[in-house]
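Peer 1: Below is entry.cif; it holds mmCIF, C-alpha atoms.
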data_work
#
loop_
_atom_site.label_atom_id
_atom_site.label_comp_id
_atom_site.auth_asym_id
_atom_site.auth_seq_id
_atom_site.Cartn_x
_atom_site.Cartn_y
_atom_site.Cartn_z
CA MET A 20 90.86 61.12 4.48
CA ILE A 21 94.64 60.97 4.77
CA ILE A 22 96.37 60.82 1.39
CA ILE A 23 99.17 58.25 1.06
CA GLU A 24 102.01 59.60 -1.06
CA ALA A 25 103.33 56.18 -2.15
CA LEU A 26 102.57 55.30 -5.77
CA GLN A 27 100.17 52.42 -6.34
CA GLY A 28 102.01 49.15 -6.92
CA THR A 29 105.25 50.17 -5.16
CA PRO A 30 106.67 48.29 -2.15
CA GLU A 31 105.81 51.29 0.06
CA TRP A 32 102.20 51.20 -1.11
CA LYS A 33 101.99 47.44 -0.47
CA ALA A 34 103.42 47.93 3.05
CA VAL A 35 100.69 50.45 3.89
CA ARG A 36 97.99 48.18 2.45
CA ALA A 37 99.18 45.32 4.66
CA LYS A 38 98.30 47.36 7.75
CA HIS A 39 94.81 48.34 6.60
CA PHE A 40 91.51 46.87 5.47
CA CYS A 41 91.36 47.63 1.76
CA ALA A 42 88.45 48.48 -0.52
CA SER A 43 89.50 45.82 -3.04
CA ASP A 44 89.10 43.22 -0.26
CA ALA A 45 85.71 44.40 0.98
CA ALA A 46 83.83 41.80 -1.06
CA ALA A 47 86.08 39.03 0.27
CA ALA A 48 85.54 40.24 3.85
CA MET A 49 81.79 39.98 3.22
CA GLY A 50 82.18 36.53 1.65
CA VAL A 51 80.83 37.68 -1.74
CA SER A 52 84.02 38.00 -3.80
CA LYS A 53 84.24 36.28 -7.17
CA TYR A 54 88.00 35.83 -6.86
CA LYS A 55 89.03 35.45 -3.20
CA SER A 56 87.49 33.58 -0.29
CA ARG A 57 87.11 35.11 3.16
CA THR A 58 89.33 32.34 4.54
CA ALA A 59 92.09 33.20 2.05
CA LEU A 60 91.89 36.87 3.03
CA LEU A 61 92.14 35.99 6.74
CA SER A 62 95.22 33.90 6.02
CA GLU A 63 96.83 36.69 3.99
CA LYS A 64 96.25 39.31 6.68
CA ALA A 65 97.32 37.03 9.52
CA ASN A 66 100.47 35.75 7.85
CA GLY A 67 101.40 38.81 5.81
CA ILE A 68 101.66 36.73 2.64
CA SER A 69 99.75 37.68 -0.51
CA GLU A 70 98.84 35.29 -3.28
CA ASP A 71 101.37 34.79 -6.08
CA ILE A 72 100.52 36.44 -9.40
CA ASP A 73 101.01 33.92 -12.20
CA PRO A 74 101.81 35.06 -15.77
CA ALA A 75 98.22 34.62 -16.96
CA LYS A 76 96.83 36.79 -14.16
CA GLN A 77 99.57 39.38 -14.71
CA ARG A 78 98.62 39.62 -18.39
CA LEU A 79 95.01 40.20 -17.34
CA PHE A 80 96.11 42.94 -14.94
CA ASP A 81 98.21 44.54 -17.68
CA ARG A 82 95.21 44.55 -20.04
CA GLY A 83 93.12 46.15 -17.32
CA HIS A 84 95.68 48.89 -16.70
CA GLU A 85 95.97 49.67 -20.41
CA ALA A 86 92.19 49.87 -20.79
CA GLU A 87 91.96 52.00 -17.64
CA ALA A 88 94.50 54.52 -18.94
CA ALA A 89 92.62 54.96 -22.22
CA ALA A 90 89.23 55.11 -20.52
CA ARG A 91 90.40 57.78 -18.05
CA VAL A 92 91.32 60.14 -20.88
CA ALA A 93 87.91 59.66 -22.49
CA PHE A 94 86.04 60.12 -19.20
CA GLU A 95 87.96 63.28 -18.29
CA ALA A 96 87.08 64.78 -21.67
CA VAL A 97 83.37 64.17 -21.10
CA ALA A 98 83.41 65.19 -17.42
CA GLU A 99 85.61 68.23 -18.14
CA ASP A 100 87.54 67.41 -14.98
CA GLU A 101 90.76 65.63 -13.99
CA PHE A 102 90.82 62.38 -12.04
CA PHE A 103 93.99 61.35 -10.22
CA PRO A 104 94.96 57.84 -9.06
CA THR A 105 95.05 58.22 -5.28
CA THR A 106 95.36 56.12 -2.14
CA GLY A 107 93.79 57.29 1.09
CA THR A 108 93.17 55.99 4.60
CA LEU A 109 90.55 56.69 7.23
CA THR A 110 89.86 55.18 10.64
CA VAL A 111 86.14 54.51 11.07
CA ASP A 112 84.81 53.11 14.36
CA GLY A 113 88.32 51.87 15.09
CA LEU A 114 88.65 50.18 11.70
CA PRO A 115 91.84 51.07 9.73
CA LEU A 116 90.35 51.44 6.24
CA LEU A 117 92.23 52.10 3.00
CA ALA A 118 91.05 52.71 -0.54
CA SER A 119 93.04 52.96 -3.76
CA PHE A 120 91.14 54.97 -6.34
CA ASP A 121 91.53 54.66 -10.10
CA GLY A 122 90.72 58.35 -10.04
CA ILE A 123 89.31 61.05 -7.79
CA ASN A 124 88.83 64.71 -8.70
CA MET A 125 90.49 67.60 -6.90
CA SER A 126 87.33 68.59 -5.04
CA GLY A 127 87.00 65.02 -3.75
CA ASP A 128 83.29 64.77 -4.44
CA LEU A 129 83.51 62.29 -7.35
CA ILE A 130 85.41 59.00 -7.65
CA TRP A 131 86.11 57.25 -10.93
CA GLU A 132 86.36 53.42 -10.88
CA HIS A 133 87.21 51.33 -13.94
CA LYS A 134 86.71 47.60 -14.53
CA LEU A 135 87.80 45.59 -17.56
CA TRP A 136 85.04 44.86 -20.04
CA SER A 137 82.93 41.73 -19.82
CA GLU A 138 79.51 41.17 -21.35
CA GLU A 139 78.06 40.22 -17.97
CA LEU A 140 79.34 43.31 -16.21
CA ALA A 141 78.33 45.57 -19.11
CA ALA A 142 74.76 44.26 -18.84
CA ALA A 143 74.77 44.96 -15.09
CA VAL A 144 76.00 48.52 -15.70
CA ILE A 145 73.29 49.13 -18.31
CA ALA A 146 70.69 47.88 -15.80
CA GLU A 147 72.41 49.87 -13.01
CA ASN A 148 72.29 46.72 -10.89
CA LEU A 149 75.78 45.81 -9.67
CA GLU A 150 76.46 42.60 -7.77
CA PRO A 151 77.73 42.77 -4.14
CA HIS A 152 81.18 41.82 -5.48
CA TYR A 153 81.33 45.31 -7.03
CA TRP A 154 79.23 47.52 -4.77
CA ALA A 155 81.12 46.36 -1.65
CA GLN A 156 84.27 48.01 -3.03
CA LEU A 157 82.38 51.16 -4.06
CA GLU A 158 80.74 51.56 -0.65
CA HIS A 159 84.16 51.15 1.00
CA GLN A 160 85.63 53.79 -1.32
CA LEU A 161 82.80 56.22 -0.55
CA ILE A 162 83.31 55.71 3.18
CA VAL A 163 87.03 56.47 3.00
CA SER A 164 86.83 59.38 0.56
CA GLY A 165 83.66 61.06 1.74
CA ALA A 166 82.74 61.51 -1.94
CA ALA A 167 79.10 61.85 -2.99
CA LYS A 168 79.19 59.21 -5.72
CA VAL A 169 81.28 57.00 -7.99
CA ALA A 170 81.43 57.13 -11.77
CA PHE A 171 81.71 53.42 -12.64
CA THR A 172 83.11 52.54 -16.07
CA CYS A 173 83.28 49.11 -17.69
CA SER A 174 85.40 49.13 -20.86
CA ASP A 175 88.25 47.64 -22.86
CA GLY A 176 89.66 51.11 -23.49
CA THR A 177 87.66 51.71 -26.66
CA THR A 178 84.47 53.71 -27.23
CA GLU A 179 82.79 50.67 -28.81
CA ARG A 180 83.03 48.66 -25.61
CA LYS A 181 82.29 51.14 -22.87
CA LYS A 182 79.38 51.39 -20.45
CA GLU A 183 79.11 53.82 -17.53
CA MET A 184 76.85 54.47 -14.58
CA PHE A 185 76.87 56.54 -11.40
CA TYR A 186 76.71 54.81 -8.03
CA GLU A 187 75.61 56.50 -4.81
CA SER A 188 75.90 54.98 -1.34
CA VAL A 189 73.02 52.91 0.01
CA PRO A 190 72.90 53.21 3.83
CA ALA A 191 72.02 49.55 4.39
CA ARG A 192 74.89 48.43 2.17
CA ARG A 193 77.33 50.79 3.88
CA ALA A 194 76.29 49.29 7.23
CA GLN A 195 76.85 45.79 5.83
CA VAL A 196 80.38 46.63 4.72
CA LEU A 197 81.32 48.11 8.12
CA ALA A 198 79.73 45.19 9.99
CA ALA A 199 81.66 42.74 7.81
CA TRP A 200 84.96 44.49 8.57
CA HIS A 201 84.21 44.55 12.32
CA GLN A 202 83.55 40.80 12.25
CA PHE A 203 86.65 40.26 10.13
CA GLU A 204 88.73 42.21 12.67
CA ARG A 205 87.45 39.97 15.49
CA ASP A 206 88.10 36.80 13.49
CA LEU A 207 91.58 38.02 12.58
CA ALA A 208 92.41 38.55 16.27
CA ASP A 209 91.37 34.94 17.00
CA TYR A 210 92.93 33.49 13.84
CA GLN A 211 94.99 30.33 14.19
CA HIS A 212 96.76 29.04 11.14
CA VAL A 213 95.88 25.45 10.22
CA GLU A 214 98.45 23.84 7.96
CA VAL A 215 96.92 21.60 5.31
CA LEU A 216 99.33 18.74 4.70
CA PRO A 217 99.36 16.99 1.32
CA PRO A 218 98.27 13.33 1.35
CA ALA A 219 101.03 10.78 1.92
CA THR A 220 102.56 9.42 -1.27
CA ALA A 221 104.01 5.93 -1.32
CA SER A 222 107.79 5.65 -1.54
CA PRO A 223 109.18 3.87 -4.62
CA THR A 224 108.40 0.14 -4.25
CA MET A 225 111.05 -2.46 -5.08
CA ALA A 226 110.15 -4.27 -8.31
CA LEU A 227 110.03 -8.10 -8.31
CA PRO A 228 111.80 -9.97 -11.12
CA ALA A 229 109.50 -11.09 -13.93
CA LEU A 230 108.65 -14.80 -13.65
CA SER A 231 109.47 -16.77 -16.81
CA ILE A 232 109.30 -20.41 -17.89
CA MET A 233 110.56 -21.63 -21.28
CA VAL A 234 110.05 -25.02 -22.80
CA GLN A 235 112.76 -26.32 -25.16
CA GLY A 236 111.98 -29.45 -27.05
CA SER A 237 109.80 -31.92 -25.24
CA ILE A 238 111.57 -32.44 -21.91
CA SER A 239 113.82 -29.39 -21.14
CA LEU A 240 112.29 -26.89 -18.71
CA ILE A 241 114.21 -23.66 -18.00
CA ASP A 242 112.91 -21.30 -15.34
CA ASN A 243 114.03 -18.52 -12.99
CA LEU A 244 112.02 -19.69 -10.01
CA ALA A 245 115.10 -19.57 -7.77
CA VAL A 246 115.84 -15.95 -8.73
CA PHE A 247 112.16 -15.03 -8.37
CA GLY A 248 112.03 -16.70 -4.96
CA GLN A 249 115.07 -14.76 -3.75
CA GLY A 250 113.57 -11.50 -4.95
CA LEU A 251 110.23 -12.27 -3.30
CA THR A 252 111.93 -13.15 -0.02
CA ALA A 253 113.91 -9.93 -0.05
CA PHE A 254 110.76 -7.96 -0.89
CA ILE A 255 108.80 -9.46 2.01
CA ASP A 256 111.69 -9.04 4.44
CA GLY A 257 111.75 -5.31 3.63
CA LEU A 258 108.08 -4.75 4.41
CA ASP A 259 106.91 -2.79 7.47
CA LYS A 260 104.62 -5.41 9.09
CA ASN A 261 103.25 -2.92 11.63
CA PRO A 262 102.51 0.40 9.86
CA SER A 263 101.76 3.20 12.31
CA ASP A 264 101.44 6.43 10.29
CA ASP A 265 100.09 7.71 6.98
CA GLN A 266 103.39 7.22 5.17
CA ALA A 267 103.75 3.63 6.36
CA PHE A 268 100.18 2.76 5.38
CA ALA A 269 100.69 4.34 1.94
CA ASP A 270 103.85 2.25 1.46
CA ALA A 271 102.02 -0.89 2.64
CA GLU A 272 99.17 -0.31 0.18
CA SER A 273 101.67 0.07 -2.66
CA ALA A 274 103.43 -3.14 -1.63
CA ILE A 275 100.13 -5.07 -1.56
CA LYS A 276 99.36 -3.97 -5.12
CA THR A 277 102.81 -5.21 -6.23
CA LEU A 278 102.27 -8.58 -4.52
CA GLU A 279 98.79 -8.97 -6.04
CA LYS A 280 100.23 -8.30 -9.48
#
Take the structure in this file and express it as structure tokens.

Peer 2:
Amino acid sequence: MIIIEALQGTPEWKAVRAKHFCASDAAAAMGVSKYKSRTALLSEKANGISEDIDPAKQRLFDRGHEAEAAARVAFEAVAEDEFFPTTGTLTVDGLPLLASFDGINMSGDLIWEHKLWSEELAAAVIAENLEPHYWAQLEHQLIVSGAAKVAFTCSDGTTERKKEMFYESVPARRAQVLAAWHQFERDLADYQHVEVLPPATASPTMALPALSIMVQGSISLIDNLAVFGQGLTAFIDGLDKNPSDDQAFADAESAIKTLEK
């Protein structure tokens, strides 16, 4: 494994990630991610544009980082070892792989991975039965690092909400991850961006004057039929009688609704 000196989260680190297949994207490459589709990942890698992080998602990330920092201290005390946030790369069968580790010890034989607490994930950790969404990343990390196993922690940074398990590579799963990245690499080479256009929205439609008739006394009738007629004539004269594209048809549909009213 080649250690990348750039700190996680810096522009330099992001630039290196853009050129590699990353452990955090392994589940998406396999089509089993809870948060990102395979199509979205292909688009990101092909176009070099990552998804925007909205304030709500940033707050969630911040919570995760705070919990991770507290959980690392507690894990190091129990393991009597130090675990350093590290990014490493390794080319495997021509695949440019990268993994960012929450922690890896100096001997490189044990990885530490932390995920923010959820009841569902805690139950999976207790049962030592992680979903593909999680084990895809762990298998990728084990491939890149060459470590023997991963210490997987689910917590909110407190001792009350903390569950841990050890994960060791499963050969069949490792093969699945590599096969998924090989297929992803082929699909990326053939990728053609398809722009999804928003549906046509009708342009503002001219309003017709309100029709009114007032009766005064028994024989006086006051109306605005002449004004209404002029407005109607102008409205009809402005219509596109031969719509030929989505925008024109949308405008025509809006005009019909106005005439019906």

Peer 1: Find the residues near Asp259 in chain A: any atom within 12 Å, counting all atoms listed in the file, skip ones fewer than 2 places away on the same chain, and give them as a list in words.

Peer 2: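 So the residues in contact are Phe254, Ile255, Asp256, Gly257, Asn261, Pro262, Ser263, Asp264, Gln266, Ala267, Phe268, Ala269, Asp270, Ala271, Glu272, Ser273, Ala274 and Ile275 of chain A.
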
Peer 1: One decimal, in Å: what's the spacing between CA of Arg180 in chain A and CA of Ala42 in chain A?

Peer 2: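 Computing the Euclidean distance for CA of Arg180 in chain A and CA of Ala42 in chain A yields 25.7 Å.
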
Peer 1: Name the residues captured by the PyMOL selection byres ((chain A and resi 78-95) around 10) when it is applied to the shown file; answer as a PyMOL selection string.

Peer 2: chain A and resi 72-77+96-103+121-122+124+131-136+170+172-178+181+183

Peer 1: Taking the file as shown, what set of residues would the PyMOL selection byres ((chain A and resi 108) around 10) give back, as a list in words?

Peer 2: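 Selected by the PyMOL selection byres ((chain A and resi 108) around 10) in this file: Met20, Ile21, Ile22, Ile23, Val35, Arg36, His39, Phe40, Cys41, Thr106, Gly107, Leu109, Thr110, Val111, Pro115, Leu116, Leu117, Ala118, Ser119, Gln160, Ile162, Val163 and Ser164 of chain A.
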
Peer 1: I need the residue set behind the PyMOL selection byres ((chain A and resi 67) around 12) for this file; please write it as a PDB file with C-alpha atoms, in the coordinates of the input.

Peer 2:
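Writing the result to selection30.pdb gives the following:
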ATOM      1  CA  LYS A  33     101.990  47.440  -0.470  1.00  0.00           C
ATOM      2  CA  ALA A  34     103.420  47.930   3.050  1.00  0.00           C
ATOM      3  CA  VAL A  35     100.690  50.450   3.890  1.00  0.00           C
ATOM      4  CA  ARG A  36      97.990  48.180   2.450  1.00  0.00           C
ATOM      5  CA  ALA A  37      99.180  45.320   4.660  1.00  0.00           C
ATOM      6  CA  LYS A  38      98.300  47.360   7.750  1.00  0.00           C
ATOM      7  CA  HIS A  39      94.810  48.340   6.600  1.00  0.00           C
ATOM      8  CA  ALA A  59      92.090  33.200   2.050  1.00  0.00           C
ATOM      9  CA  LEU A  60      91.890  36.870   3.030  1.00  0.00           C
ATOM     10  CA  LEU A  61      92.140  35.990   6.740  1.00  0.00           C
ATOM     11  CA  SER A  62      95.220  33.900   6.020  1.00  0.00           C
ATOM     12  CA  GLU A  63      96.830  36.690   3.990  1.00  0.00           C
ATOM     13  CA  LYS A  64      96.250  39.310   6.680  1.00  0.00           C
ATOM     14  CA  ALA A  65      97.320  37.030   9.520  1.00  0.00           C
ATOM     15  CA  ASN A  66     100.470  35.750   7.850  1.00  0.00           C
ATOM     16  CA  ILE A  68     101.660  36.730   2.640  1.00  0.00           C
ATOM     17  CA  SER A  69      99.750  37.680  -0.510  1.00  0.00           C
ATOM     18  CA  GLU A  70      98.840  35.290  -3.280  1.00  0.00           C
ATOM     19  CA  LEU A 207      91.580  38.020  12.580  1.00  0.00           C
TER      20      LEU A 207
END

Peer 1: Measure the distance from CA of Glu204 in chain A to CA of Ala48 in chain A in Å and round it to one decimal.

Peer 2: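 If I compute the distance from CA of Glu204 in chain A to CA of Ala48 in chain A, I get 9.6 Å.
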
Peer 1: Would you kindly return, as a VMD selection string, each protein, DNA or RNA residue with an atom no farther than 6 Å from any atom of range 146-153 of chain A, considering only C-alpha atoms and excluding same-chain residues fewer than 6 positions away?

Peer 2: chain A and resid 46 51 to 52

Peer 1: So how far away is CA of Gly165 in chain A from CA of Arg192 in chain A, in Å?

Peer 2: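 These atoms are spaced 15.4 Å apart.
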
Peer 1: Give the answer as one residue: which of A:Ser188, A:Thr105, A:Thr252, A:Gln156 has the shortest atom-to-atom distance to Asp44 in chain A, using only C-alpha atoms?

Peer 2: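 The shortest atom-to-atom distance to Asp44 in chain A comes from A:Gln156.
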
Peer 1: I need the residue nearest Met184 in chain A from this list: A:Ile145, A:Trp200, A:Glu279, A:Ala253. Use all atoms listed in the file for the distance.

Peer 2: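 With all atoms listed in the file as the atom set, the closest residue is A:Ile145.
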